[in-house]
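Participant: So here's data.cif, just mmCIF, C-alpha atoms:
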```
data_start
loop_
_atom_site.label_atom_id
_atom_site.label_comp_id
_atom_site.auth_asym_id
_atom_site.auth_seq_id
_atom_site.Cartn_x
_atom_site.Cartn_y
_atom_site.Cartn_z
CA SER A 1 -50.15 228.46 90.92
CA GLY A 2 -53.46 228.52 89.05
CA ASP A 3 -51.95 227.64 85.66
CA LEU A 4 -53.38 224.85 83.48
CA ARG A 5 -50.63 222.55 82.29
CA ILE A 6 -50.90 219.77 79.72
CA THR A 7 -47.85 217.55 79.65
CA THR A 8 -46.65 214.41 77.90
CA ALA A 9 -45.07 211.30 79.36
CA GLY A 10 -41.77 211.82 77.54
CA THR A 11 -39.65 214.72 76.31
CA ASP A 12 -39.96 213.56 72.68
CA LYS A 13 -43.75 213.24 72.64
CA ASN A 14 -46.26 215.58 71.00
CA ILE A 15 -49.59 216.97 72.16
CA GLN A 16 -52.39 216.50 69.62
CA PHE A 17 -55.98 217.71 69.47
CA TRP A 18 -58.33 215.37 67.57
CA LEU A 19 -61.69 216.57 66.23
CA GLY A 20 -64.45 215.42 63.88
CA GLY A 21 -66.35 212.21 63.41
CA THR A 22 -63.24 210.36 62.23
CA PHE A 23 -61.22 211.76 65.15
CA LYS A 24 -58.39 213.08 62.99
CA GLU A 25 -55.69 215.23 64.51
CA LYS A 26 -56.19 218.95 63.80
CA ILE A 27 -53.61 220.73 65.97
CA THR A 28 -50.22 219.41 67.02
CA PHE A 29 -47.77 220.80 69.59
CA THR A 30 -44.35 219.18 69.20
CA SER A 31 -41.77 218.65 71.89
CA GLU A 32 -39.62 221.33 70.13
CA GLY A 33 -42.36 223.91 70.72
CA ASN A 34 -43.63 224.01 67.11
CA ILE A 35 -47.34 224.26 66.39
CA GLY A 36 -48.95 222.53 63.42
CA ILE A 37 -52.46 223.15 62.11
CA GLY A 38 -53.42 220.55 59.53
CA THR A 39 -50.10 218.77 59.95
CA THR A 40 -48.58 216.45 62.56
CA ASN A 41 -45.02 217.37 61.67
CA PRO A 42 -44.61 221.17 61.86
CA ASP A 43 -41.05 222.25 61.04
CA SER A 44 -41.38 225.89 62.17
CA LEU A 45 -42.91 227.75 65.11
CA LEU A 46 -46.24 227.79 63.24
CA THR A 47 -47.10 225.67 60.22
CA LEU A 48 -50.44 225.70 58.39
CA ASP A 49 -51.14 222.83 55.99
CA ALA A 50 -54.23 222.29 53.83
CA ALA A 51 -55.10 220.31 50.73
CA SER A 52 -55.45 223.59 48.79
CA ASN A 53 -55.11 227.33 49.40
CA PRO A 54 -54.01 227.40 53.07
CA THR A 55 -54.98 230.81 54.43
CA PHE A 56 -54.06 232.81 57.53
CA LYS A 57 -56.62 235.57 58.29
CA ILE A 58 -56.56 238.55 60.64
CA LYS A 59 -59.95 239.93 61.71
CA THR A 60 -61.29 242.82 63.77
CA ALA A 61 -64.60 242.12 65.54
CA GLY A 62 -65.38 239.41 63.00
CA THR A 63 -64.46 241.49 59.94
CA ILE A 64 -61.50 240.25 57.89
CA ARG A 65 -58.77 242.87 57.48
CA SER A 66 -55.84 241.00 55.98
CA ALA A 67 -54.79 237.54 54.91
CA LEU A 68 -51.81 235.48 53.82
CA ILE A 69 -52.88 233.00 51.14
CA ALA A 70 -50.92 230.25 49.39
CA ASP A 71 -52.94 229.93 46.18
CA THR A 72 -52.21 226.47 44.84
CA GLY A 73 -54.35 227.03 41.74
CA ASN A 74 -52.26 229.99 40.56
CA SER A 75 -48.98 228.79 42.12
CA ALA A 76 -48.71 232.11 43.93
CA THR A 77 -48.57 233.55 47.44
CA TYR A 78 -50.79 236.52 48.25
CA LEU A 79 -50.48 239.05 51.06
CA ALA A 80 -53.90 240.66 50.91
CA SER A 81 -55.77 243.53 52.54
CA TYR A 82 -59.53 244.04 52.58
CA ASP A 83 -62.08 246.90 52.65
CA SER A 84 -59.78 249.21 50.64
CA TYR A 85 -57.11 249.04 53.34
CA PRO A 86 -53.57 249.72 52.09
CA LEU A 87 -50.63 247.39 52.60
CA VAL A 88 -47.91 249.12 54.60
CA PHE A 89 -44.39 247.74 55.07
CA SER A 90 -42.55 249.15 58.07
CA ALA A 91 -39.00 248.81 59.41
CA SER A 92 -37.58 249.40 62.86
CA THR A 93 -35.99 252.78 63.53
CA GLY A 94 -34.56 251.77 66.89
CA GLY A 95 -37.31 253.27 69.02
CA GLY A 96 -40.28 252.25 66.91
CA TYR A 97 -41.39 251.57 63.37
CA SER A 98 -41.56 253.80 60.31
CA GLU A 99 -43.41 253.21 57.05
CA ARG A 100 -41.03 252.28 54.25
CA MET A 101 -43.34 251.12 51.45
CA TYR A 102 -47.04 251.72 50.90
CA ILE A 103 -49.37 249.94 48.46
CA GLY A 104 -52.78 251.60 48.17
CA SER A 105 -56.03 249.88 47.28
CA ASP A 106 -55.72 251.48 43.82
CA GLY A 107 -52.42 249.64 43.27
CA ASN A 108 -50.28 252.76 43.56
CA VAL A 109 -46.95 252.23 45.31
CA GLY A 110 -45.13 254.72 47.51
CA ILE A 111 -41.56 254.23 48.75
CA GLY A 112 -40.67 256.71 51.47
CA THR A 113 -44.12 258.27 51.12
CA ILE A 114 -47.83 257.50 51.08
CA ASN A 115 -48.56 257.64 47.36
CA SER A 116 -51.55 259.92 46.86
CA ASP A 117 -50.57 260.80 43.29
CA THR A 118 -52.14 259.43 40.12
CA CYS A 119 -48.86 257.76 39.16
CA LYS A 120 -48.27 254.07 39.87
CA LEU A 121 -44.93 254.60 41.67
CA HIS A 122 -43.72 257.49 43.84
CA VAL A 123 -40.25 257.33 45.40
CA LYS A 124 -39.35 260.02 47.95
CA THR A 125 -36.15 260.69 49.90
CA SER A 126 -34.55 263.60 51.72
CA GLY A 127 -31.31 263.06 49.79
CA ILE A 128 -30.39 263.44 46.11
CA ASP A 129 -29.70 259.77 45.32
CA VAL A 130 -33.16 258.45 44.48
CA LEU A 131 -32.84 255.61 41.97
CA THR A 132 -30.09 253.28 40.77
CA LEU A 133 -30.48 250.89 37.83
CA GLU A 134 -27.68 248.33 37.65
CA SER A 135 -26.93 245.59 35.15
CA THR A 136 -24.36 242.81 35.64
CA GLU A 137 -24.56 241.76 31.97
CA GLY A 138 -21.11 240.58 30.92
CA GLY A 139 -21.04 242.19 27.47
CA SER A 140 -20.65 245.78 26.34
CA LEU A 141 -24.27 246.78 27.02
CA GLY A 142 -25.54 248.33 30.23
CA ALA A 143 -28.91 248.81 31.92
CA ASN A 144 -31.89 249.86 29.79
CA LEU A 145 -34.68 252.19 30.90
CA ILE A 146 -37.70 251.69 28.63
CA ILE A 147 -40.67 254.06 28.36
CA ARG A 148 -43.30 252.28 26.27
CA HIS A 149 -46.64 253.46 24.89
CA THR A 150 -48.90 250.59 23.81
CA SER A 151 -51.80 252.43 22.24
CA PRO A 152 -54.29 250.14 20.44
CA SER A 153 -54.45 252.72 17.63
CA PRO A 154 -51.04 254.37 17.19
CA SER A 155 -50.88 257.43 14.97
CA ASP A 156 -48.18 259.61 13.43
CA ASN A 157 -46.81 262.24 15.85
CA ASP A 158 -48.02 260.42 18.96
CA VAL A 159 -46.10 261.31 22.11
CA VAL A 160 -44.87 257.88 23.24
CA GLY A 161 -43.19 259.12 26.42
CA THR A 162 -42.40 262.26 28.42
CA ILE A 163 -39.80 263.05 31.06
CA GLN A 164 -40.99 265.96 33.22
CA PHE A 165 -38.83 268.20 35.40
CA ASP A 166 -40.94 269.36 38.34
CA GLY A 167 -40.34 271.62 41.31
CA LEU A 168 -42.20 274.02 43.60
CA ASP A 169 -43.08 277.67 43.07
CA ASP A 170 -42.78 280.35 45.77
CA ALA A 171 -46.48 280.69 46.61
CA GLY A 172 -47.48 280.87 50.29
CA THR A 173 -48.54 277.25 49.87
CA PRO A 174 -46.08 276.09 47.20
CA ASN A 175 -47.52 274.46 44.10
CA SER A 176 -45.91 271.56 42.29
CA THR A 177 -44.87 272.96 38.92
CA THR A 178 -43.48 271.42 35.73
CA TYR A 179 -40.69 273.60 34.33
CA ALA A 180 -39.40 271.54 31.40
CA LYS A 181 -40.10 268.36 29.41
CA ILE A 182 -38.37 265.94 27.07
CA LYS A 183 -40.74 264.11 24.73
CA GLY A 184 -40.28 261.08 22.50
CA ILE A 185 -42.37 261.46 19.32
CA ALA A 186 -43.49 258.71 16.95
CA ARG A 187 -43.23 260.78 13.77
CA GLU A 188 -44.18 257.87 11.48
CA VAL A 189 -45.86 254.65 12.70
CA SER A 190 -46.28 252.79 9.37
CA SER A 191 -44.89 249.28 9.80
CA GLY A 192 -41.44 249.02 8.22
CA SER A 193 -41.11 252.80 7.83
CA GLU A 194 -41.16 253.96 11.46
CA TYR A 195 -39.05 256.87 12.63
CA GLY A 196 -39.10 259.24 15.58
CA ALA A 197 -37.86 262.47 17.12
CA LEU A 198 -36.87 263.94 20.48
CA VAL A 199 -38.46 267.25 21.52
CA PHE A 200 -37.30 269.56 24.33
CA GLU A 201 -39.87 271.95 25.80
CA THR A 202 -39.72 274.65 28.51
CA ARG A 203 -42.42 276.52 30.40
CA THR A 204 -42.89 280.06 29.08
CA ASP A 205 -45.61 281.25 31.50
CA ALA A 206 -48.11 279.93 34.03
CA THR A 207 -49.96 277.76 31.50
CA THR A 208 -47.84 277.41 28.35
CA PHE A 209 -45.01 275.16 27.19
CA SER A 210 -43.00 275.88 24.06
CA GLU A 211 -40.79 273.61 21.97
CA LYS A 212 -37.20 274.85 22.09
CA LEU A 213 -35.23 272.08 20.40
CA ARG A 214 -35.96 269.07 18.18
CA ILE A 215 -33.67 266.18 17.17
CA ASP A 216 -35.07 264.43 14.11
CA SER A 217 -34.50 260.91 12.79
CA SER A 218 -31.54 262.10 10.67
CA GLY A 219 -29.76 263.56 13.67
CA ASN A 220 -30.52 267.13 12.67
CA VAL A 221 -30.87 269.51 15.64
CA THR A 222 -33.45 272.23 15.08
CA PRO A 223 -34.01 275.12 17.51
CA LYS A 224 -37.48 276.65 17.57
CA ASP A 225 -38.73 280.24 17.85
CA ASP A 226 -40.69 280.93 21.05
CA ALA A 227 -43.40 283.05 19.47
CA ALA A 228 -44.21 281.35 16.18
CA ASN A 229 -42.54 277.97 16.83
CA GLN A 230 -40.83 278.28 13.44
CA ASP A 231 -37.48 276.77 12.48
CA LEU A 232 -34.58 279.17 12.96
CA GLY A 233 -32.05 276.87 11.37
CA GLY A 234 -30.31 273.68 12.31
CA SER A 235 -27.16 271.65 12.27
CA GLY A 236 -26.68 268.02 11.36
#
```
Would you mind writing the file out in structure tokens?

Facilitator:
Amino acid sequence: SGDLRITTAGTDKNIQFWLGGTFKEKITFTSEGNIGIGTTNPDSLLTLDAASNPTFKIKTAGTIRSALIADTGNSATYLASYDSYPLVFSASTGGGYSERMYIGSDGNVGIGTINSDTCKLHVKTSGIDVLTLESTEGGSLGANLIIRHTSPSPSDNDVVGTIQFDGLDDAGTPNSTTYAKIKGIAREVSSGSEYGALVFETRTDATTFSEKLRIDSSGNVTPKDDAANQDLGGSG
């Protein structure tokens, strides 16, 4: 029929290709249909074995585009892209594939979107349930969400974290707009005497945010005046 067939004398025999001056086997085809490169006993459809850092590369016209590397020196496995290519993880949608997670060459991660923002993680969905944090800890404590600022030179009144509430405006081409913020403030950073505050801000015009409420380290709640940002009174 024009096909080239290489067969063995028995059903339990392997086909081996030997190369090099010492004529050592390099590629093995087992009777089960497994292929081994660098091993005579492949236990999967394709097994690569090397003394260190076995690597599987994908190239286009001689240029490497991606690789799977088992780094024995760092005891790690790397799925790598080259030439500033992103890593894209796709899943079947029944009639094709859709991107589910995107890792750009800058290290930014997008889930449900290609992350073109300056943030490290962007999660996008058409629904309202975006993120769940779950703890199975058996005691009375639940999941913690930590926002940490590790400045090498912390100072009093540093903003150590901000939660922004963003939406779109009604321009012909809508702009992403921040409408409100909650800030965590390091009011005092002296070791052994640290204390903080929570500040609530709202947008007052196209460019300005104004503090509307502050909770200090004593639990006092202090509203603020829009114009002069002066205390109007408070309650403990």

Participant: How far is it from CA of Ile103 in chain A to CA of Leu121 in chain A, in Å with one decimal?

Facilitator: 9.4 Å

Participant: Can you list, as an MDAnalysis selection string, the residues that the PyMOL selection byres ((chain A and resi 184) around 6) selects here?

Facilitator: chainID A and resid 159:161 183 185 198

Participant: At what distance in Å, to one decimal, does CA of Arg148 in chain A lie from CA of Ser191 in chain A?

Facilitator: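 It comes out at 16.8 Å.
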
Participant: Do you have the CA of Ala70 in chain A-CA of Asn53 in chain A distance handy?

Facilitator: 5.1 Å

Participant: Once the PyMOL selection byres ((chain A and resi 176) around 12) has been applied to the shown file, what residues remain in the selection, as a list in words?

Facilitator: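 Output from the PyMOL selection byres ((chain A and resi 176) around 12), applied to this file: Asp117, Gln164, Phe165, Asp166, Gly167, Leu168, Asp169, Asp170, Ala171, Thr173, Pro174, Asn175, Thr177, Thr178, Tyr179 and Ala206 of chain A.
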
Participant: Run the PyMOL selection byres ((chain A and resi 108) around 10) on the file and write out the hits as a list in words.

Facilitator: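 Here the PyMOL selection byres ((chain A and resi 108) around 10) matches Pro86, Tyr102, Ile103, Gly104, Ser105, Asp106, Gly107, Val109, Gly110, Ile114, Asn115, Ser116, Asp117, Thr118, Cys119, Lys120, Leu121 and His122 of chain A.
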
Participant: Nearest residue to Glu201 in chain A out of A:Ile6, A:Ile15, A:Ile163, A:Val189, using only C-alpha atoms?

Facilitator: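 That would be A:Ile163, the residue with the smallest distance to Glu201 in chain A.
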
Participant: Taking into account all atoms listed in the file, which residue in the set A:Val199, A:Val221, A:Ala186, A:Ala51 is nearest to His149 in chain A?

Facilitator: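 Using all atoms listed in the file, the shortest distance to His149 in chain A belongs to A:Ala186.
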
Participant: At the level of N, CA and C atoms, write range 37-54 of chain A to a file as a compact mmCIF listing (two decimals), in the first residue's frame, please.

Facilitator:
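The new file out-v4.txt reads:
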```
# COMPACT_ATOMS: atom_id res chain seq x y z
N ILE A 37 11.95 8.87 24.94
CA ILE A 37 13.16 9.55 24.47
C ILE A 37 14.08 9.71 25.68
N GLY A 38 15.22 9.03 25.63
CA GLY A 38 16.13 9.03 26.77
C GLY A 38 15.80 7.97 27.79
N THR A 39 14.83 7.13 27.50
CA THR A 39 14.46 6.05 28.41
C THR A 39 14.02 4.85 27.60
N THR A 40 14.28 3.67 28.11
CA THR A 40 13.85 2.43 27.45
C THR A 40 12.57 1.87 28.06
N ASN A 41 12.03 2.57 29.04
CA ASN A 41 10.84 2.07 29.72
C ASN A 41 9.80 3.19 29.89
N PRO A 42 9.31 3.76 28.80
CA PRO A 42 8.31 4.83 28.91
C PRO A 42 7.00 4.29 29.47
N ASP A 43 6.43 5.02 30.45
CA ASP A 43 5.19 4.57 31.09
C ASP A 43 4.00 5.45 30.73
N SER A 44 4.15 6.27 29.67
CA SER A 44 3.06 7.09 29.17
C SER A 44 3.21 7.18 27.65
N LEU A 45 2.25 7.80 26.98
CA LEU A 45 2.32 7.89 25.52
C LEU A 45 3.62 8.52 25.06
N LEU A 46 4.12 9.53 25.80
CA LEU A 46 5.41 10.14 25.49
C LEU A 46 6.13 10.45 26.78
N THR A 47 7.35 9.92 26.93
CA THR A 47 8.15 10.16 28.11
C THR A 47 9.52 10.68 27.69
N LEU A 48 9.92 11.83 28.25
CA LEU A 48 11.24 12.39 28.04
C LEU A 48 12.04 12.22 29.32
N ASP A 49 13.26 11.70 29.20
CA ASP A 49 14.10 11.47 30.37
C ASP A 49 15.51 11.97 30.07
N ALA A 50 16.05 12.77 30.98
CA ALA A 50 17.42 13.29 30.83
C ALA A 50 18.06 13.34 32.20
N ALA A 51 19.40 13.41 32.21
CA ALA A 51 20.11 13.46 33.48
C ALA A 51 19.78 14.73 34.26
N SER A 52 19.48 15.82 33.55
CA SER A 52 19.09 17.07 34.22
C SER A 52 18.30 17.92 33.24
N ASN A 53 17.32 18.64 33.78
CA ASN A 53 16.53 19.62 33.04
C ASN A 53 15.96 19.11 31.72
N PRO A 54 15.20 18.01 31.70
CA PRO A 54 14.57 17.59 30.45
C PRO A 54 13.63 18.68 29.95
```
